[in-house]
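Novice: The structure that follows is given in the form of structure tokens.
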Amino acid sequence: MKAQAQVSAQVSRGAGPHLPPLPPEIVLRIFQAAVEGEGAVPFLCRVSRVCRLWRDLAADPRLWLRVHLGPHLGAHLGGPARGRRPPEQVLSPLLRLAETRFSLLQEFVLSDWSRHVGPVLQALSKFCPHLRHLELRRCQVEAAALGGFLAAPPPLQHLHLTCPRLRPVLPALAAGLCPRLRVLELDQSLGGPGPPLPLPLERLQAACPLLQELRLGGALWEPQRCPSPAPGAPPPSFPRLRLLALGEGPGGAGRRWGRGSCGASCAGPPGWGRWSCAAAPR
């Protein structure tokens, strides 16, 4: 009974066998494994509050390669707080993260933000020179903010935009500002029906020769033709294209177009993969 009382007293005082702390490099490897499964947010935001060592390790830019942010981030970015907070209340902490931890960021996904997307794009353009993958899903963003981001973009390979006011996107891409682009997905259905959007296919083919997937949905797309090539010159094409989908998405209809509807503008390599052209509702 006396020995049991002594053990109980030690437990109540926090005494007991001492386990040596893990070396920082081992903790960092554990963090890396967790981030690969859960993503940087909210895991790194949580562990950074445990102790000073974990806070310093969680700030390592090598851990912040993929960041996915939803509509309500709770207290993950803004410090301890009850409940969940909308994007405008976590914008400042997010911009601080971009400046201090996103220097090696490669993939960024933002979903269901109705405001303040423009400052996020500015931060990505300024602090993320290695960004390869960008998705804005069901986000409200001004055309000027999109145009400003695409005026000097990082070396994007995957661009997915589901938002209204996409008019400046394709002209900017056709100007050769994203020559490494491999996957392009644009959907303007969030903004409802609107006027046809320009589709400069020939210039896009010349500007994005590595493109493998092209999906344009949720709007009327109006192909823009360039002057005919010189006699004997090969027609423009996407030499690596494997998937083309026009007019699909939430606003798409079931009526299909054949290849001839877009003429030589949609030429791809011999034996290329899936072809899908659906007209948007009029």
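Ordered as shown in the structure tokens, chains take letters A, B, and onward, while each chain numbers its residues from 1 and ligands are numbered from 1 in the order shown.
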For segment 105-161 of chain A versus segment 169-178 of chain A, which residues have an atom no more than 12 Å away, and what is each residue's nearest atom pair and distance in Å rounded to one decimal, using only C-alpha atoms, chain-then-number order, as CSV?
Specialist:
residue,atom,partner,partner_atom,distance
A:Leu131,CA,A:Cys178,CA,11.8
A:Arg132,CA,A:Cys178,CA,10.4
A:His133,CA,A:Cys178,CA,11.8
A:Glu142,CA,A:Val169,CA,11.6
A:Ala143,CA,A:Val169,CA,8.5
A:Ala144,CA,A:Val169,CA,10.3
A:Ala145,CA,A:Val169,CA,10.6
A:Leu146,CA,A:Val169,CA,7.1
A:Gly147,CA,A:Val169,CA,6.8
A:Gly148,CA,A:Ala172,CA,9.8
A:Phe149,CA,A:Val169,CA,9.8
A:Leu150,CA,A:Ala172,CA,6.4
A:Ala151,CA,A:Leu177,CA,7.1
A:Ala152,CA,A:Leu177,CA,7.2
A:Pro153,CA,A:Leu177,CA,7.1
A:Pro154,CA,A:Cys178,CA,8.1
A:Pro155,CA,A:Cys178,CA,6.5
A:Leu156,CA,A:Cys178,CA,6.2
A:Gln157,CA,A:Cys178,CA,7.7
A:His158,CA,A:Cys178,CA,9.8
A:Leu159,CA,A:Cys178,CA,9.7
A:His160,CA,A:Val169,CA,11.0
A:Leu161,CA,A:Val169,CA,9.4
Novice: Skipping near chain neighbours, those fewer than 2 positions away, what residues fall within 6 Å of segment 207-222 of chain A using only C-alpha atoms, listed as a PyMOL selection string?
Specialist: chain A and resi 174+176+179+181-189+196-199+204-205+238+240-249+251-252+280
Novice: Closest to Trp113 of chain A among A:Arg49, A:Arg180, A:Lys126, A:Arg137, using only C-alpha atoms?
Specialist: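 Ranked by minimum distance to Trp113 of chain A, first place goes to A:Arg137.
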Novice: Skipping near chain neighbours, those fewer than 3 positions away, what residues fall within 10 Å of Leu97 of chain A using only C-alpha atoms, listed as a PyMOL selection string?
Specialist: chain A and resi 59+61+64+77+91-94+100-103+123+127
Novice: Record the distance separating atom CA of Leu69 of chain A and atom CA of Phe108 of chain A, expressed in Å with one decimal.
Specialist: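 According to the coordinates, atom CA of Leu69 of chain A and atom CA of Phe108 of chain A are separated by 8.1 Å.
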Novice: If we count only C-alpha atoms and set the cut-off at 10 Å, which residues sit around segment 115-117 of chain A, ignoring sequence neighbours fewer than 3 positions away in its own chain? Please answer as a PyMOL selection string.
Specialist: chain A and resi 86-88+91+110+112+120-122+136+139-142+145-146
Novice: Set the distance at 8 Å and use only C-alpha atoms: which residues neighbour Leu57 of chain A once local chain neighbours fewer than 2 positions away are removed? I'd like the list as a list in words.
Specialist: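 So, after excluding close chain neighbours, the residues are Pro24, Val27, Leu28, Ser48, Leu53, Trp54, Arg55, Ala59 and Asp60 of chain A.
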Novice: Could you please write out, as a ChimeraX atom specification, every residue of segment 38-231 of chain A that DSSP assigns to helix (DSSP H, G or I)?
Specialist: /A:38,40-47,52-58,61-63,87-89,91-101,117-127,143-151,169-174,189-191,201-207
Novice: One decimal, in Å: what's the spacing between atom CA of Arg62 of chain A and atom CA of Glu135 of chain A?
Specialist: 20.6 Å
